[in-house]
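Undergrad: To be precise about what I am sending: the file is called final.cif and holds mmCIF, C-alpha atoms.
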```cif
data_input
loop_
_atom_site.label_atom_id
_atom_site.label_comp_id
_atom_site.auth_asym_id
_atom_site.auth_seq_id
_atom_site.Cartn_x
_atom_site.Cartn_y
_atom_site.Cartn_z
CA MET P 1268 1.94 -0.99 -32.84
CA LEU P 1269 5.14 -2.01 -31.03
CA LYS P 1270 6.12 1.64 -30.62
CA THR P 1271 2.71 2.38 -29.12
CA LEU P 1272 3.08 -0.50 -26.64
CA LYS P 1273 6.60 0.63 -25.76
CA ASP P 1274 5.32 4.17 -25.20
CA LEU P 1275 2.57 2.76 -22.96
CA PHE P 1276 5.01 0.75 -20.86
CA ASP P 1277 7.43 3.67 -20.69
CA SER P 1278 4.61 5.87 -19.42
CA LEU P 1279 3.85 3.42 -16.61
CA ARG P 1280 7.40 3.00 -15.31
CA PRO P 1281 8.21 5.00 -12.22
CA ALA P 1282 9.80 8.31 -13.04
CA PRO P 1283 13.60 8.21 -12.67
CA PRO P 1284 15.10 10.41 -9.96
CA GLY P 1285 15.17 14.02 -11.09
CA ALA P 1286 12.52 13.46 -13.76
CA ASP P 1287 10.28 16.31 -14.65
CA ALA P 1288 7.49 16.70 -12.07
CA ARG P 1289 5.04 17.59 -14.82
CA GLU P 1290 5.74 14.30 -16.60
CA ALA P 1291 5.23 12.38 -13.35
CA GLU P 1292 1.92 14.18 -12.77
CA HIS P 1293 0.79 13.38 -16.32
CA ARG P 1294 1.66 9.70 -15.79
CA LEU P 1295 -0.43 9.67 -12.60
CA GLN P 1296 -3.32 11.45 -14.31
CA LEU P 1297 -3.28 8.94 -17.17
CA ALA P 1298 -3.20 5.94 -14.83
CA THR P 1299 -6.14 7.36 -12.86
CA ALA P 1300 -8.08 8.19 -16.03
CA VAL P 1301 -7.56 4.65 -17.36
CA MET P 1302 -9.08 3.22 -14.17
CA LEU P 1303 -12.12 5.48 -14.53
CA VAL P 1304 -12.46 4.51 -18.19
CA GLU P 1305 -12.20 0.82 -17.31
CA VAL P 1306 -15.37 1.16 -15.23
CA MET P 1307 -17.08 2.93 -18.14
CA ARG P 1308 -15.96 0.16 -20.52
CA ALA P 1309 -17.05 -2.63 -18.17
CA ASP P 1310 -20.61 -2.83 -19.43
CA ALA P 1311 -21.72 -3.43 -22.98
CA SER P 1312 -22.86 0.09 -23.80
CA PHE P 1313 -21.44 3.55 -23.29
CA HIS P 1314 -23.81 6.02 -21.75
CA ALA P 1315 -23.23 9.77 -22.08
CA GLY P 1316 -23.67 10.08 -18.32
CA GLU P 1317 -20.76 7.71 -17.73
CA ARG P 1318 -18.47 9.70 -19.98
CA GLU P 1319 -19.49 12.93 -18.22
CA ALA P 1320 -18.85 11.26 -14.84
CA VAL P 1321 -15.32 10.38 -16.01
CA HIS P 1322 -14.75 13.98 -17.11
CA ALA P 1323 -16.16 15.31 -13.82
CA ALA P 1324 -13.91 13.00 -11.81
CA LEU P 1325 -10.83 14.14 -13.74
CA ARG P 1326 -11.77 17.80 -13.29
CA ASP P 1327 -12.26 17.27 -9.56
CA LYS P 1328 -9.26 15.01 -8.93
CA PHE P 1329 -6.71 17.02 -10.89
CA ALA P 1330 -8.27 20.51 -11.16
CA LEU P 1331 -8.42 20.23 -14.96
CA GLY P 1332 -10.45 22.36 -17.34
CA ASP P 1333 -13.16 20.85 -19.53
CA ASP P 1334 -10.91 20.51 -22.59
CA GLU P 1335 -8.03 19.03 -20.60
CA ALA P 1336 -10.32 16.47 -18.95
CA ALA P 1337 -11.84 15.51 -22.31
CA ARG P 1338 -8.40 15.08 -23.93
CA LEU P 1339 -7.15 13.02 -20.97
CA ALA P 1340 -10.26 10.82 -21.13
CA GLU P 1341 -9.73 10.24 -24.87
CA LEU P 1342 -6.10 9.28 -24.27
CA ALA P 1343 -7.18 7.00 -21.42
CA GLU P 1344 -9.73 5.25 -23.64
CA ALA P 1345 -7.08 4.58 -26.28
CA THR P 1346 -4.63 3.40 -23.63
CA ALA P 1347 -7.23 1.15 -21.97
CA ARG P 1348 -8.01 -0.54 -25.28
CA GLN P 1349 -4.33 -1.50 -25.61
CA ALA P 1350 -3.73 -2.49 -22.00
CA THR P 1351 -3.51 -6.15 -21.05
CA ASP P 1352 -3.93 -5.74 -17.30
CA LEU P 1353 -4.65 -3.23 -14.57
CA PHE P 1354 -1.59 -3.80 -12.39
CA GLY P 1355 0.70 -1.42 -14.24
CA PHE P 1356 -1.75 1.40 -13.61
CA THR P 1357 -2.82 0.48 -10.09
CA SER P 1358 0.73 -0.10 -8.86
CA HIS P 1359 1.65 3.44 -9.92
CA ILE P 1360 -1.45 4.91 -8.28
CA ASP P 1361 -0.88 2.81 -5.14
CA ALA P 1362 2.69 4.10 -4.86
CA VAL P 1363 1.69 7.77 -5.15
CA PHE P 1364 -1.77 8.19 -3.61
CA GLU P 1365 -2.40 8.20 0.12
CA MET P 1366 -5.47 6.31 1.35
CA PRO P 1367 -7.82 9.36 1.31
CA GLN P 1368 -6.89 9.98 -2.34
CA LYS P 1369 -7.49 6.33 -3.20
CA LEU P 1370 -10.87 6.42 -1.50
CA ARG P 1371 -11.85 9.57 -3.39
CA MET P 1372 -10.85 7.86 -6.63
CA ILE P 1373 -12.89 4.73 -5.77
CA GLU P 1374 -15.88 6.95 -5.00
CA HIS P 1375 -15.50 8.65 -8.39
CA MET P 1376 -15.36 5.22 -10.01
CA TRP P 1377 -18.61 4.25 -8.30
CA ARG P 1378 -20.16 7.46 -9.65
CA VAL P 1379 -19.13 6.40 -13.15
CA ALA P 1380 -20.68 2.97 -12.58
CA TYR P 1381 -23.97 4.46 -11.36
CA ALA P 1382 -24.10 7.25 -13.97
CA ASP P 1383 -26.26 5.21 -16.36
CA GLY P 1384 -28.70 4.26 -13.60
CA HIS P 1385 -27.64 0.61 -13.69
CA LEU P 1386 -24.81 -1.27 -12.00
CA SER P 1387 -23.67 -4.28 -14.01
CA GLU P 1388 -21.84 -7.25 -12.54
CA HIS P 1389 -18.87 -6.41 -14.76
CA GLU P 1390 -18.68 -2.89 -13.33
CA ARG P 1391 -18.90 -4.29 -9.81
CA HIS P 1392 -16.11 -6.77 -10.56
CA VAL P 1393 -13.80 -4.16 -12.11
CA LEU P 1394 -14.30 -1.88 -9.12
CA TRP P 1395 -13.61 -4.68 -6.67
CA ARG P 1396 -10.41 -5.67 -8.51
CA ILE P 1397 -9.11 -2.11 -8.65
CA ALA P 1398 -9.90 -1.48 -4.98
CA ASP P 1399 -8.12 -4.73 -4.08
CA LEU P 1400 -5.05 -3.78 -6.14
CA LEU P 1401 -5.00 -0.38 -4.40
CA HIS P 1402 -5.18 -2.07 -0.98
CA VAL P 1403 -8.40 -0.26 -0.08
CA PRO P 1404 -9.99 -1.84 3.04
CA GLN P 1405 -13.32 -3.56 2.41
CA GLY P 1406 -15.23 -1.28 4.79
CA ALA P 1407 -13.93 1.88 3.11
CA TYR P 1408 -14.73 0.38 -0.30
CA VAL P 1409 -18.32 -0.33 0.77
CA ASN P 1410 -18.73 3.15 2.29
CA ALA P 1411 -17.50 4.77 -0.95
CA ARG P 1412 -20.06 2.70 -2.83
CA LEU P 1413 -22.87 3.69 -0.49
CA ARG P 1414 -22.02 7.41 -0.80
CA ALA P 1415 -22.00 7.19 -4.60
CA GLN P 1416 -25.16 5.07 -4.62
CA GLN P 1417 -26.99 7.56 -2.42
CA GLU P 1418 -25.81 10.48 -4.55
CA ALA P 1419 -27.04 8.72 -7.69
CA GLY P 1420 -30.41 8.00 -6.09
CA ALA P 1421 -29.89 4.29 -6.67
CA ALA P 1422 -30.18 3.34 -2.99
#
```
Please render this file's structure as structure tokens.

TA:
Amino acid sequence: MLKTLKDLFDSLRPAPPGADAREAEHRLQLATAVMLVEVMRADASFHAGEREAVHAALRDKFALGDDEAARLAELAEATARQATDLFGFTSHIDAVFEMPQKLRMIEHMWRVAYADGHLSEHERHVLWRIADLLHVPQGAYVNARLRAQQEAGAA
């Protein structure tokens, strides 16, 4: 278990200068996937639509194939179960993503939340915390929610 935690923390540290770009990209993909999974895990039950929304977000965000997105989502679920906070993930995302990329990610997270046709208070809270940690302005956060809500037909 300690090795697994060490591997997790090592994966969240910023890449040292000259580190492999592929490794840095994987670290960013994992951090993003964990945030999407955290929304899925926020309510008491997993819905197949939520899992598919996570996969769709990963395919869109990182141009991954179906198998790659599914494997990344599985790794993210395992990582999320072991994580004690969100800051290690959000600080990495915040350092790498520009605001339009953060907003796109928040919109994908709202899609995950609305995928089961119901928005729980826990999902709302997780989304608010992540958006706050990513320094997303309140107005942009609300607009991302409204776009996802309209797309889901939950308006």

Undergrad: Using only C-alpha atoms, which residue out of P:Ala1309, P:Ala1411, P:Leu1295, P:Val1403 lies closest to Arg1391 in chain P?

TA: P:Ala1309

Undergrad: Ranking P:Leu1386, P:Val1301, P:Arg1294, P:Ala1407 by minimum distance to Leu1342 in chain P and counting all atoms listed in the file, which one comes first?

TA: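 Ranked by minimum distance to Leu1342 in chain P, first place goes to P:Val1301.
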
Undergrad: So the first atom is CA of Gly1406 in chain P and the second is CA of Val1321 in chain P; what is the distance between them in Å, to one decimal place?

TA: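 One can read the CA of Gly1406 in chain P to CA of Val1321 in chain P distance as 23.8 Å.
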
Undergrad: In Å to one decimal, how far is CA of Leu1303 in chain P from CA of Ala1340 in chain P?

TA: 8.7 Å

Undergrad: State, in Å with one decimal place, the distance from CA of Gln1368 in chain P to CA of Ala1415 in chain P.

TA: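 Distance reported for this atom pair: 15.5 Å.
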
Undergrad: Applied to this file, what does the PyMOL selection byres ((chain P and resi 1366) around 12) return in terms of residues, put as a PyMOL selection string?

TA: chain P and resi 1360-1365+1367-1373+1398+1401-1404+1407-1408

Undergrad: Between P:Ala1336, P:Val1409, P:Leu1297, P:Val1306, which residue has the minimum interatomic distance to His1359 in chain P, considering all atoms listed in the file?

TA: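 The answer is P:Leu1297, which sits nearest to His1359 in chain P.
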
Undergrad: So which one's closest to Leu1339 in chain P, P:Ala1324, P:Ala1382, P:Leu1353, P:Ala1300? Using all atoms listed in the file, please.

TA: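 Using all atoms listed in the file, Leu1339 in chain P sits closest to P:Ala1300.
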
Undergrad: P:Ser1312, P:Thr1346, P:Thr1357, P:Gln1296: which is nearest Ala1330 in chain P, counting all atoms listed in the file?

TA: P:Gln1296

Undergrad: I'd like to know which of P:Glu1292, P:Asp1333, P:Asp1352, P:Glu1418 is closest to Glu1305 in chain P, using only C-alpha atoms.

TA: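 Checking each candidate against Glu1305 in chain P, we get P:Asp1352 as the closest.
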
Undergrad: Within 7 Å of (-27.9, 7.8, -9.0) (coordinates as in the file), grab all the protein and nucleic acid residues, counting all atoms listed in the file, and write them out as a list in words.

TA: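 The requested residues, written out, are Tyr1381, Ala1382, Gly1384, Gln1416, Gln1417, Glu1418, Ala1419, Gly1420 and Ala1421 of chain P.
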
Undergrad: Selected by the PyMOL selection byres ((chain P and resi 1317-1320) around 8) in the shown coordinates: which residues, as an NGL selection string?

TA: :P and (1307 or 1313-1316 or 1321-1324 or 1375 or 1378-1383)
